Structures are given as structure tokens and as C-alpha cells.
Amino acid sequence: MRTPVLLEARAVGLPGTLGGAQAVLVPSGAGGPALIEGESPLVVRDLGSSLRPARPGAPWAHLELPADWPLPPSITGDVEGVPLVMAGPDSAAVTVSVPRGRQILGAPPFVCELVVLGSAAVLLGRHDELVDAVVEARRWAGPARLLYAPGAARPQTVALLAYLGVDVFDDVLCHLEAARGNALRPELPLATAPMAASGARGTGPRGDAEVGIVARENVEALRREVALVRNAIERGQLRELVEGRVRTEPWQVAALRHLDRRHHAFMAAFSPVQRDVQLLAPSRDAFHRVEVRSWVDRMFERYSPPPSARVLVLLPCSARKPYSRSRTHRGMLGALSGAKNRWAAHEVILTSPLGAVPRELERVYPAAHYDVPVTGEWFPEEVERMAALFEHVRKVGGYTAVVSHMGRDIPFLEADPTVTRTREAGEGPLDGAALERLTQAVSRAASQLPHVPRAKRDLEDLASLARFQFGPAGGAALMEGARLAGKPPEWRIASAEGRQLAALTQARGLLSLTVEGAERVASAGCYRVLMDDFDLRGNLFAVGVSGADPEVREGDDVAIVRRGRVAGVGVARMAAEEMVASKRGIAVATRHRAGGVVA
């Protein structure tokens with residue numbers, strides 16, 4: 001079983017709500033004991049998280065909470081008043097409170113396996129304070145520890161809290177809301193439970209039997225939602241689930257927006273650079289999600305166009321990805337193939353929410369994976385992002401001409417007299433007259449430039465991808481003196497001496513390094529994972545990692561370095577901070593090692 005983990009109350013009731021019996025919380029479906037006797041009302045097991053796999057054979061950890069705290073401390077504690085509690089002789093857990101505007105000082109005890117955010121329940125509904133507190137607790141705990149938010153889980157909130165980084169939940173609110181007469185469903189806000197229709201007959205003044213039925217229904221709804229969140233994490237679609245769930249409560253929408261805008265750098269460090277699933281952008285909130293913002297940041301920080309391409313051609317996006325597989329782009333590519341000096345033209349697709357996608361990057365995540373509703377209208381922020389990236393690409397590219405095959409609904413293009421437009425009002429991108437104007441406009445602009453051979457542009461396109469993937473320094477080091485090998489689209493990059501440095505993988509849209517290529521990238525001081533002094537025989541596990549360059553993210557090709565020399569190359573399965581902090585799990589899935597290939 002993987003996180004999120006649900007701790008369920010299995011005792012008679014909760015103090016102050018269902019009769020005063022002490023609650024006993026156990027992991028739902030984890031195979032643990034149904035009831036824990038003695039002074040420990042809470043047990044958890046390290047079952048892994050979305051950031052790292054579980055440790056095989058992890059023992060149960062009994063959290064020795066004080067006897068007068070039968071409930072998680074945040075249920076009755078104040079945000080300022082929850083103390084730091086070291087639990088048990090083995091320090092299996094530590095409870096912290098994160099008041100607004102403050103940071104937790106120091107570092108968690110080394111032996112701490114679980115961090116309890118004691119202020120979680122009282123921050124529900126306070127979107128900015130809750131997000132800041134969870135992010136601060138997650139940052140303080142590090143990626144290798146479980147984070148528990150007691151008393152904060154309802155079916156409506158689990159997806160958001162898991163996206164924030166919470167690993168462990170309980171069903172306390174399911175019982176509390178049942179006592180208040182509220183039914184919990186993930187698709188709806190709080191609703192009055194139809195107790196009269198339940199057929200139950202109250203056994204006391206407060207109708208404990210009816211309350212019990214609603215509580216069981218609430219808990220079952222929470223169980224199903226936790227299972228759904230776990231499945232979404234495994235499928236890489238948690239964000240899509242979150243965007244649907246937060247619509248039930250305005251404060252959750254505000255919390256998601258606060259997270260996207262205020263904590264982008266923290267989220268980006270743990271966001272994979274490549275996924276195999278579709279990125280859905282059904283709402284304007286997706287405009288600021290971490291993968292989209294990371295794309296825009298890399299475009300500004302790393303991207304520069306092929307130097308011999310001096311005619312910038314702006315094209316519309318298509319529903320099918322990569323664009324070149326779509327009927328629309330096949331038609332436009334056919335028109336460009338008839339232009340004189342065709343490879344002096346550089347195609348850039350203007351789109352939302354990414355802003356701009358150069359043709360040589362169309363297979364890079366998320367350019368080949370996103371889907372957005374098309375209404376024929378642009379929001380102001382969409383136009384602003386496209387305009388900013390257009391100006392950036394035009395500036396760093398030093399183009400002599402700009403040809404636009406976009407529609408007539410892009411204000412910044414319509415107002416620019418230096419842009420040649422090839423579509424009249426009402427014309428589609430595949431209309432014959434529009435395609436003929438595209439061919440003629442590119443021919444006029446490119447015929448005045450030196451001839452650009454296809455092979456030269458192919459190599460420059462790969463160099464552009466290398467800079468985008470490994471940064472300007474790493475990309476330049478990899479491509480210095482390099483030449484093309486193989487056949488399109490399965491290009492390989494070789495040194496002047498003929499040794500293979502990297503290969504373009506169509507499935508990932510990225511360059512896969514050889515040991516020689518990794519040595520070049522490592523020589524630029526980037527994308528290195530430092531291992532302890534032992535022989536690398538297979539995958540590199542986190543326990544053997546001593547350091548990593550901060551830009552390393554899950555999905556990156558990295559050089560494995562031992563004693564200053566490259567010992568192997570592979571794909572990172574963790575972010576830099578995670579692989580350094582963790583003591584379990586695969587840090588790098590090794591592809592090659594110096595002197596041989598890893599099977």
C-alpha cells in the first residue's frame with residue numbers, strides 16, 4: 001500500500017461527540033491490529049510516499065501521545081499553542097505547529113520518521129495560512145519523512161492536502177461532521193445528512209444510532225477518496241483530480257492558487273521533468289500549475305533558437321500532439337517545404353497555456369502532452385504570455401523577418417507592422433490561398449539569406465534541445481565539436497572521433513546520454529549525482545548518494561560521479577534534495593556504467 005495513509009477510529013466514539021470513549025486510530029487496510037491496547041492511541045507504519053518507495057519490512061511505530069490527548073492535539077489546540085512533542089523513547093514522531101509568517105528553526109531529529117502538523121485542523125478554511133504551514137512543515141521535515149495532518153481530512157480536502165505533500169490522514173472529521181448532521185461527499189460541499197430517510201431510530205436524545213450511520217457513510221466516502229487519490233498519484237494525474245475537487249469550496253480554490261503563485265519554486269524542485277500521461281488544462285488555474293510555469297521559466301532562462309534560422313514563422317497549435325502529426329501541421333509543413341531556402345525558416349507554435357513551443361521542442365513534456373479547451377477566444381493572461389515569449393524568442397534569435405500564419409485574433413501581432421500575415425479574416429490555416437501566401441512570404445524572406453543545408457539545421461535543432469534540457473553550459477559542453485549520426489527521427493549525436501554522446505528518444509522527447517556524453521555534461525558542473533566510494537554494479541540507491549546538483553529533478557538524465565570521475569549515467573528517479581535526504585529507494589536508474597551496460 002502507498003500513501004496517502006488513512007488512520008481510522010475503531011473505538012466506540014470520540015470525546016465530546018459520540019459518548020466519550022477514547023479513539024484508537026489504525027491504518028485503513030494496512031493489515032494492522034484492529035485495536036491497540038494500552039497508552040498508545042495511535043499507530044502508523046512507514047508505507048512510503050509519493051516522493052519515495054516504502055522501506056521493505058518497516059515495523060509498526062507506536063506514537064506515545066500523552067494520556068490526556070485522546071484525540072490528535074490540533075482538535076483542541078490553538079495554532080500558537082501546540083508544543084513540540086518528542087514521542088516515545090525511539091523518537092518515532094515529532095509534533096510541530098507552524099504559525100503564520102514563521103519558520104520552524106533547527107532541524108528535525110535524525111531518528112524522526114513522522115512529522116505531525118499539529119496546527120492543521122484549526123487552519124482549515126484559512127487558505128493562505130494552511131498552505132504556508134503545510135509547505136513549511138514539508139520543507140522542515142524533508143522529503144524522506146511522512147507528514148501527518150491530524151483532523152484535517154474530509155473527502156473534499158484529501159486531494160488538495162496530498163498535493164501539498166501530506167502523507168497521513170485520519171477520519172476524525174468524518175465523525176465530528178456526522179455529529180453535526182453533515183454528510184460528506186467529495187463532489188459536494190457540506191450538506192445536511194438525510195437522517196430521517198435513513199430508517200434509523202435514535203437510541204438517545206442525540207440520536208446516536210442515526211449519527212453512527214452517517215459517520216460510517218462519511219468514513220466510507222473518505223476511504224474511497226483516499227483510494228482514488230492514491231491511484232491518481234500512481235498514474236501521475238493528481239493535479240487533474242485536485243482541480244476538480246477544489247471546486248466544492250472557494251477556500252480550496254484560493255489555496256490552490258496561493259500554492260501555485262507563492263510556492264512555485266518549492267513545487268518545481270520535486271516535479272518530474274517528464275511524464276507519460278496527458279496534462280489537462282481545463283481551467284485558468286492550469287495556467288499557473290507547476291509543469292506549465294516550469295516550461296515558461298526554461299524558455300526564458302535556457303532557450304535560444306538555431307542560429308542559422310533567420311526567418312521566424314509563427315504557427316497555430318493543433319489538438320493532436322506532437323503537432324507535426326496533426327493534419328493541420330502536415331498541411332503547413334507541406335507549404336513550407338515548397339519555400340526557397342526552407343531551412344532558414346524556424347517554426348514556433350503560439351499556444352496556451354505554454355505560450356510558445358519551438359518546433360524542435362514539440363516532443364518535450366508537456367508540449368506533447370497538454371490538452372486545452374478551444375473556444376475561439378483568448379484570455380488576457382494567455383495573450384500576455386504568448387506576447388512575452390514571442391518577444392523573447394525574436395530577441396534572442398536575431399531574426400530578419402517574421403511571418404505569421406496565426407489567425408487575425410492575436411492583438412500584438414495585428415499591431416506589429418514588421419510581421420507579415422498570411423491569413424485573411426475568416427480563413428483557416430489550411431485554406432489554399434493562405435497556404436500559398438505562407439509559401440511565398442517565407443520564400444521572399446529566406447531567399448535573401450545564405451543557403452542553410454538540412455543537415456546543419458538538424459544539428460542546430462539538437463543543440464537547441466540540449467541547451468533546453470541541460471542548461472546553456474551543459475548543452476554547450478555536450479555539443480562542442482559534435483556531429484550527427486543515425487537517421488531521422490532517431491538521431492544520434494557523436495563526437496568528432498565518432499564516439500556516441502547521446503541519442504534522441506522519440507518517446508521521451510529528450511536526449512539520452514552515454515557515459516562519454518555524461519562526462520561532457522559533468523565537466524560543465526551540472527546534472528551530477530555524487531555517489532559514495534563503492535563499485536557501481538546496477539541502479540544507484542539513495543543510501544549511496546552523497547550529493548547532487550540542485551537542478552536535478554525526477555526524469556533528468558544525470559552523470560553518476562564517484563571520486564571526481566563519471567562512473568555511470570542514468571535517469572534520476574528522485575529530485576536532488578530527495579535522493580540526498582532519503583535512505584531508501586532508487587535514486588538513479590542506471591543505463592550505462594563506465595566499462596559496460598547495465599541490463
# chains A, B, ... in the order shown; residues from 1 in each chain; ligands from 1

call {"tool": "closest_atom_pairs", "arguments": {"of": "stretch 278-317 of chain A", "to": "stretch 367-380 of chain A", "cutoff": "9 Å", "atoms": "only C-alpha atoms", "output": "JSON lines"}}
result
{"residue": "A:Gln278", "atom": "CA", "partner": "A:His369", "partner_atom": "CA", "distance": 4.7}
{"residue": "A:Leu279", "atom": "CA", "partner": "A:Tyr370", "partner_atom": "CA", "distance": 4.4}
{"residue": "A:Leu280", "atom": "CA", "partner": "A:Asp371", "partner_atom": "CA", "distance": 5.1}
{"residue": "A:Ala281", "atom": "CA", "partner": "A:Val372", "partner_atom": "CA", "distance": 4.9}
{"residue": "A:Pro282", "atom": "CA", "partner": "A:Val372", "partner_atom": "CA", "distance": 5.8}
{"residue": "A:Ser283", "atom": "CA", "partner": "A:Val372", "partner_atom": "CA", "distance": 8.2}
{"residue": "A:Arg284", "atom": "CA", "partner": "A:Phe379", "partner_atom": "CA", "distance": 8.8}
{"residue": "A:Trp295", "atom": "CA", "partner": "A:Ala367", "partner_atom": "CA", "distance": 8.6}

call {"tool": "residues_around", "arguments": {"residues": "A:Gly334", "least_positions_apart": "3", "cutoff": "12 Å", "atoms": "only C-alpha atoms", "output": "ChimeraX atom specification"}}
result
/A:324,327-331,337-339,342,430,432,435-436,438-439

call {"tool": "write_last_selection", "arguments": {"atoms": "C-alpha atoms", "output": "compact mmCIF listing (two decimals), in the first residue's frame"}}
result
# COMPACT_ATOMS: atom_id res chain seq x y z
CA SER A 324 3.71 17.59 -36.68
CA ARG A 327 -3.46 17.17 -40.31
CA THR A 328 -3.16 20.93 -39.84
CA HIS A 329 0.59 20.91 -39.34
CA ARG A 330 1.20 18.39 -42.10
CA GLY A 331 -0.52 20.83 -44.44
CA SER A 337 8.62 22.53 -47.98
CA GLY A 338 7.92 24.43 -51.19
CA ALA A 339 9.60 27.61 -49.94
CA ARG A 342 13.32 26.34 -46.48
CA LEU A 430 -5.33 25.01 -44.44
CA GLY A 432 -5.37 27.08 -50.25
CA LEU A 435 -1.02 28.29 -47.64
CA GLU A 436 0.13 29.84 -50.92
CA LEU A 438 2.72 31.28 -46.46
CA THR A 439 4.99 29.70 -49.09

call {"tool": "closest_residue", "arguments": {"among": "A:Asp431, A:Asp171, A:Glu362, A:Asp533", "to": "A:Ala507", "atoms": "only C-alpha atoms"}}
result
A:Glu362

call {"tool": "closest_residue", "arguments": {"among": "A:Ser318, A:Asn539, A:Gln156, A:Ser443", "to": "A:Lys340", "atoms": "only C-alpha atoms"}}
result
A:Ser443

call {"tool": "residues_around", "arguments": {"residues": "A:Glu220", "least_positions_apart": "3", "cutoff": "12 Å", "atoms": "only C-alpha atoms", "output": "PyMOL selection string"}}
result
chain A and resi 6+8+28+154-155+171+174-175+183-186+213-217+223-227

call {"tool": "residues_around", "arguments": {"residues": "A:Val134", "least_positions_apart": "4", "cutoff": "8 Å", "atoms": "only C-alpha atoms", "output": "PyMOL selection string"}}
result
chain A and resi 117+120+130+138+164-166

call {"tool": "write_last_selection", "arguments": {"atoms": "N, CA and C atoms", "output": "PDB file, in the first residue's frame"}}
result
ATOM      1  N   LEU A 117       1.751  17.703  11.851  1.00  0.00           N
ATOM      2  CA  LEU A 117       1.465  19.136  11.790  1.00  0.00           C
ATOM      3  C   LEU A 117       0.305  19.423  12.729  1.00  0.00           C
ATOM      4  N   ALA A 120      -2.874  21.732  11.840  1.00  0.00           N
ATOM      5  CA  ALA A 120      -3.575  21.532  10.573  1.00  0.00           C
ATOM      6  C   ALA A 120      -5.071  21.800  10.685  1.00  0.00           C
ATOM      7  N   LEU A 130      -2.950  27.850   5.799  1.00  0.00           N
ATOM      8  CA  LEU A 130      -2.838  26.395   5.703  1.00  0.00           C
ATOM      9  C   LEU A 130      -1.752  26.001   4.710  1.00  0.00           C
ATOM     10  N   ARG A 138       6.532  20.578   5.446  1.00  0.00           N
ATOM     11  CA  ARG A 138       7.119  19.643   4.472  1.00  0.00           C
ATOM     12  C   ARG A 138       8.577  19.989   4.216  1.00  0.00           C
ATOM     13  N   LEU A 164      -0.356  19.004  -1.624  1.00  0.00           N
ATOM     14  CA  LEU A 164       0.535  19.862  -0.843  1.00  0.00           C
ATOM     15  C   LEU A 164       1.713  19.081  -0.262  1.00  0.00           C
ATOM     16  N   GLY A 165       1.542  17.768  -0.065  1.00  0.00           N
ATOM     17  CA  GLY A 165       2.628  16.958   0.470  1.00  0.00           C
ATOM     18  C   GLY A 165       2.294  16.196   1.719  1.00  0.00           C
ATOM     19  N   VAL A 166       1.013  16.144   2.109  1.00  0.00           N
ATOM     20  CA  VAL A 166       0.601  15.398   3.294  1.00  0.00           C
ATOM     21  C   VAL A 166       0.500  13.920   2.934  1.00  0.00           C
TER      22      VAL A 166
END

call {"tool": "select_by_dssp", "arguments": {"residues": "stretch 161-376 of chain A", "states": "alpha helix (DSSP H)", "output": "PyMOL selection string"}}
result
chain A and resi 161-164+172-179+208-235+238-245+250-262+264-269+290-302+327-337

call {"tool": "write_last_selection", "arguments": {"atoms": "C-alpha atoms", "output": "compact mmCIF listing (two decimals), in the first residue's frame"}}
result
# COMPACT_ATOMS: atom_id res chain seq x y z
CA LEU A 161 -3.71 18.11 1.06
CA ALA A 162 -1.99 15.20 -0.68
CA TYR A 163 -0.94 17.56 -3.49
CA LEU A 164 0.54 19.86 -0.84
CA VAL A 172 -11.77 12.42 12.87
CA LEU A 173 -13.74 14.97 10.86
CA CYS A 174 -15.97 12.25 9.45
CA HIS A 175 -17.26 11.58 12.96
CA LEU A 176 -17.39 15.22 14.01
CA GLU A 177 -19.38 16.24 10.93
CA ALA A 178 -21.74 13.30 11.43
CA ALA A 179 -22.45 14.52 14.95
CA ASP A 208 -26.60 8.24 18.36
CA ALA A 209 -27.72 5.44 16.04
CA GLU A 210 -28.52 7.86 13.23
CA VAL A 211 -25.26 9.69 13.84
CA GLY A 212 -23.43 6.38 13.67
CA ILE A 213 -24.95 5.56 10.28
CA VAL A 214 -23.93 8.93 8.87
CA ALA A 215 -20.46 8.56 10.38
CA ARG A 216 -19.99 5.19 8.70
CA GLU A 217 -21.14 6.65 5.38
CA ASN A 218 -18.73 9.57 5.81
CA VAL A 219 -15.83 7.25 6.61
CA GLU A 220 -16.62 5.08 3.61
CA ALA A 221 -16.64 8.16 1.37
CA LEU A 222 -13.26 9.13 2.80
CA ARG A 223 -11.89 5.62 2.20
CA ARG A 224 -12.94 5.75 -1.43
CA GLU A 225 -11.43 9.18 -1.90
CA VAL A 226 -8.11 8.15 -0.34
CA ALA A 227 -8.01 5.16 -2.69
CA LEU A 228 -8.77 7.44 -5.64
CA VAL A 229 -6.02 9.87 -4.62
CA ARG A 230 -3.56 7.01 -4.27
CA ASN A 231 -4.48 5.80 -7.76
CA ALA A 232 -4.13 9.33 -9.16
CA ILE A 233 -0.64 9.57 -7.66
CA GLU A 234 0.35 6.26 -9.22
CA ARG A 235 -0.99 7.40 -12.61
CA LEU A 238 -3.14 14.01 -9.01
CA ARG A 239 -3.23 17.61 -10.24
CA GLU A 240 -6.15 16.84 -12.55
CA LEU A 241 -8.06 15.35 -9.61
CA VAL A 242 -7.22 18.33 -7.41
CA GLU A 243 -8.54 20.86 -9.91
CA GLY A 244 -11.88 19.07 -9.93
CA ARG A 245 -12.15 18.61 -6.17
CA PRO A 250 -13.99 28.57 -2.61
CA TRP A 251 -11.27 28.49 0.05
CA GLN A 252 -9.75 25.42 -1.61
CA VAL A 253 -9.61 27.20 -4.96
CA ALA A 254 -7.88 30.10 -3.21
CA ALA A 255 -5.47 27.65 -1.54
CA LEU A 256 -4.50 26.07 -4.87
CA ARG A 257 -3.92 29.49 -6.42
CA HIS A 258 -1.85 30.56 -3.43
CA LEU A 259 0.26 27.41 -3.75
CA ASP A 260 0.83 27.92 -7.48
CA ARG A 261 1.78 31.56 -7.19
CA ARG A 262 3.68 31.72 -3.89
CA HIS A 264 6.25 27.54 -7.33
CA ALA A 265 9.97 27.07 -6.68
CA PHE A 266 9.32 24.56 -3.89
CA MET A 267 6.88 22.55 -6.01
CA ALA A 268 9.06 22.71 -9.13
CA ALA A 269 12.02 21.11 -7.36
CA VAL A 290 3.95 23.83 -11.78
CA GLU A 291 4.69 21.99 -15.05
CA VAL A 292 3.42 24.89 -17.15
CA ARG A 293 5.31 27.51 -15.17
CA SER A 294 8.46 25.39 -15.35
CA TRP A 295 8.18 25.28 -19.15
CA VAL A 296 7.85 29.06 -19.33
CA ASP A 297 10.79 29.55 -16.96
CA ARG A 298 13.01 27.29 -19.05
CA MET A 299 12.02 29.13 -22.22
CA PHE A 300 13.19 32.42 -20.70
CA GLU A 301 16.26 31.04 -18.92
CA ARG A 302 17.60 28.40 -21.31
CA ARG A 327 -3.46 17.17 -40.31
CA THR A 328 -3.16 20.93 -39.84
CA HIS A 329 0.59 20.91 -39.34
CA ARG A 330 1.20 18.39 -42.10
CA GLY A 331 -0.52 20.83 -44.44
CA MET A 332 1.50 23.80 -43.23
CA LEU A 333 4.74 21.80 -43.35
CA GLY A 334 3.90 20.89 -46.92
CA ALA A 335 3.56 24.58 -47.78
CA LEU A 336 6.91 25.35 -46.09
CA SER A 337 8.62 22.53 -47.98

call {"tool": "select_by_dssp", "arguments": {"residues": "stretch 366-552 of chain A", "states": "strand (DSSP E)", "output": "PyMOL selection string"}}
result
chain A and resi 370-371+401-404+419-421+483-487+490-494+500-505+510-513+528-531+540-541+545-548

call {"tool": "atom_distance", "arguments": {"atom1": "atom CA of A:Gly474", "atom2": "atom CA of A:Tyr527"}}
result
8.1 Å

call {"tool": "closest_residue", "arguments": {"among": "A:Val393, A:Ala425, A:Ala356, A:Ala477", "to": "A:Ala463", "atoms": "only C-alpha atoms"}}
result
A:Ala477

call {"tool": "residues_around", "arguments": {"residues": "stretch 399-404 of chain A", "least_positions_apart": "2", "cutoff": "7 Å", "atoms": "only C-alpha atoms", "output": "number ranges by chain"}}
result
A: 310-315, 394, 397, 406, 419-422, 441-442, 445

call {"tool": "residues_around", "arguments": {"residues": "stretch 569-583 of chain A", "least_positions_apart": "5", "cutoff": "6 Å", "atoms": "only C-alpha atoms", "output": "PyMOL selection string"}}
result
chain A and resi 143-144+270+515+542-543+545+547-548+550+552-560+588-592

call {"tool": "write_last_selection", "arguments": {"atoms": "N, CA and C atoms", "output": "short mmCIF file (atom, residue, chain, number, x, y, z; two decimals), in the first residue's frame"}}
result
data_model
loop_
_atom_site.label_atom_id
_atom_site.label_comp_id
_atom_site.auth_asym_id
_atom_site.auth_seq_id
_atom_site.Cartn_x
_atom_site.Cartn_y
_atom_site.Cartn_z
N PRO A 143 11.94 15.45 2.36
CA PRO A 143 11.16 14.52 1.54
C PRO A 143 11.15 13.08 2.05
N ALA A 144 12.01 12.74 3.01
CA ALA A 144 12.14 11.35 3.43
C ALA A 144 11.23 10.99 4.60
N PHE A 270 10.41 19.30 -7.02
CA PHE A 270 10.01 17.89 -6.92
C PHE A 270 9.10 17.46 -8.07
N VAL A 515 27.98 7.32 -21.50
CA VAL A 515 28.96 7.70 -20.49
C VAL A 515 29.81 8.87 -20.99
N ALA A 542 19.39 5.53 -3.05
CA ALA A 542 19.55 6.79 -2.33
C ALA A 542 20.53 6.66 -1.17
N VAL A 543 20.60 5.49 -0.55
CA VAL A 543 21.51 5.32 0.58
C VAL A 543 22.96 5.51 0.16
N VAL A 545 23.98 7.82 -2.11
CA VAL A 545 24.16 9.15 -2.68
C VAL A 545 24.72 10.10 -1.63
N GLY A 547 25.61 13.44 -2.65
CA GLY A 547 25.31 14.80 -3.08
C GLY A 547 24.72 14.79 -4.48
N ALA A 548 24.13 15.93 -4.87
CA ALA A 548 23.54 16.05 -6.20
C ALA A 548 23.43 17.53 -6.54
N PRO A 550 21.72 20.86 -7.63
CA PRO A 550 20.36 21.26 -7.23
C PRO A 550 19.35 21.25 -8.37
N VAL A 552 18.84 18.92 -10.51
CA VAL A 552 18.41 17.57 -10.84
C VAL A 552 16.98 17.34 -10.37
N ARG A 553 16.13 16.86 -11.30
CA ARG A 553 14.75 16.51 -11.00
C ARG A 553 14.45 15.12 -11.52
N GLU A 554 13.38 14.54 -11.02
CA GLU A 554 12.98 13.22 -11.49
C GLU A 554 12.78 13.25 -13.00
N GLY A 555 13.38 12.27 -13.69
CA GLY A 555 13.27 12.20 -15.14
C GLY A 555 14.46 12.76 -15.88
N ASP A 556 15.37 13.45 -15.18
CA ASP A 556 16.56 14.01 -15.83
C ASP A 556 17.59 12.93 -16.12
N ASP A 557 18.29 13.05 -17.24
CA ASP A 557 19.48 12.25 -17.46
C ASP A 557 20.61 12.86 -16.63
N VAL A 558 21.32 12.04 -15.87
CA VAL A 558 22.34 12.54 -14.96
C VAL A 558 23.61 11.71 -15.07
N ALA A 559 24.72 12.36 -14.72
CA ALA A 559 26.00 11.67 -14.62
C ALA A 559 26.20 11.21 -13.19
N ILE A 560 26.54 9.94 -13.00
CA ILE A 560 26.84 9.40 -11.67
C ILE A 560 28.35 9.53 -11.47
N VAL A 588 18.89 6.74 -8.96
CA VAL A 588 19.16 6.82 -10.39
C VAL A 588 19.00 5.43 -10.99
N ALA A 589 18.13 5.33 -11.99
CA ALA A 589 18.02 4.09 -12.75
C ALA A 589 19.14 4.08 -13.77
N THR A 590 20.17 3.30 -13.51
CA THR A 590 21.40 3.35 -14.31
C THR A 590 21.19 2.72 -15.68
N ARG A 591 21.62 3.43 -16.73
CA ARG A 591 21.55 2.92 -18.09
C ARG A 591 22.89 2.34 -18.52
N HIS A 592 23.95 3.08 -18.31
CA HIS A 592 25.30 2.64 -18.64
C HIS A 592 26.20 2.90 -17.42
#

call {"tool": "atom_distance", "arguments": {"atom1": "atom CA of A:Val383", "atom2": "atom CA of A:Arg363"}}
result
23.1 Å

call {"tool": "residues_around", "arguments": {"residues": "A:Gly471", "least_positions_apart": "2", "cutoff": "10 Å", "atoms": "only C-alpha atoms", "output": "NGL selection string"}}
result
:A and (298 or 301-303 or 464-469 or 473-477 or 521 or 524 or 526-527 or 551)

call {"tool": "atom_distance", "arguments": {"atom1": "atom CA of A:Pro306", "atom2": "atom CA of A:Gly481"}}
result
15.8 Å

call {"tool": "closest_residue", "arguments": {"among": "A:Pro305, A:Gly181, A:Pro472, A:Gly236", "to": "A:Leu459", "atoms": "only C-alpha atoms"}}
result
A:Pro305

call {"tool": "decode", "arguments": {"residues": "stretch 200-256 of chain A", "atoms": "C-alpha atoms", "output": "short mmCIF file (atom, residue, chain, number, x, y, z; two decimals), in the first residue's frame"}}
result
data_model
loop_
_atom_site.label_atom_id
_atom_site.label_comp_id
_atom_site.auth_asym_id
_atom_site.auth_seq_id
_atom_site.Cartn_x
_atom_site.Cartn_y
_atom_site.Cartn_z
CA ALA A 200 -32.53 4.53 11.80
CA ARG A 201 -34.11 5.09 15.14
CA GLY A 202 -32.25 7.14 17.68
CA THR A 203 -31.20 5.38 20.86
CA GLY A 204 -30.85 8.54 22.87
CA PRO A 205 -31.61 12.25 22.96
CA ARG A 206 -28.96 12.95 20.33
CA GLY A 207 -29.91 10.09 18.00
CA ASP A 208 -26.60 8.24 18.36
CA ALA A 209 -27.72 5.44 16.04
CA GLU A 210 -28.52 7.86 13.23
CA VAL A 211 -25.26 9.69 13.84
CA GLY A 212 -23.43 6.38 13.67
CA ILE A 213 -24.95 5.56 10.28
CA VAL A 214 -23.93 8.93 8.87
CA ALA A 215 -20.46 8.56 10.38
CA ARG A 216 -19.99 5.19 8.70
CA GLU A 217 -21.14 6.65 5.38
CA ASN A 218 -18.73 9.57 5.81
CA VAL A 219 -15.83 7.25 6.61
CA GLU A 220 -16.62 5.08 3.61
CA ALA A 221 -16.64 8.16 1.37
CA LEU A 222 -13.26 9.13 2.80
CA ARG A 223 -11.89 5.62 2.20
CA ARG A 224 -12.94 5.75 -1.43
CA GLU A 225 -11.43 9.18 -1.90
CA VAL A 226 -8.11 8.15 -0.34
CA ALA A 227 -8.01 5.16 -2.69
CA LEU A 228 -8.77 7.44 -5.64
CA VAL A 229 -6.02 9.87 -4.62
CA ARG A 230 -3.56 7.01 -4.27
CA ASN A 231 -4.48 5.80 -7.76
CA ALA A 232 -4.13 9.33 -9.16
CA ILE A 233 -0.64 9.57 -7.66
CA GLU A 234 0.35 6.26 -9.22
CA ARG A 235 -0.99 7.40 -12.61
CA GLY A 236 0.62 10.85 -12.41
CA GLN A 237 -2.77 12.59 -12.52
CA LEU A 238 -3.14 14.01 -9.01
CA ARG A 239 -3.23 17.61 -10.24
CA GLU A 240 -6.15 16.84 -12.55
CA LEU A 241 -8.06 15.35 -9.61
CA VAL A 242 -7.22 18.33 -7.41
CA GLU A 243 -8.54 20.86 -9.91
CA GLY A 244 -11.88 19.07 -9.93
CA ARG A 245 -12.15 18.61 -6.17
CA VAL A 246 -11.27 22.15 -5.08
CA ARG A 247 -14.36 23.49 -6.88
CA THR A 248 -16.51 22.30 -3.98
CA GLU A 249 -15.25 25.08 -1.69
CA PRO A 250 -13.99 28.57 -2.61
CA TRP A 251 -11.27 28.49 0.05
CA GLN A 252 -9.75 25.42 -1.61
CA VAL A 253 -9.61 27.20 -4.96
CA ALA A 254 -7.88 30.10 -3.21
CA ALA A 255 -5.47 27.65 -1.54
CA LEU A 256 -4.50 26.07 -4.87
#
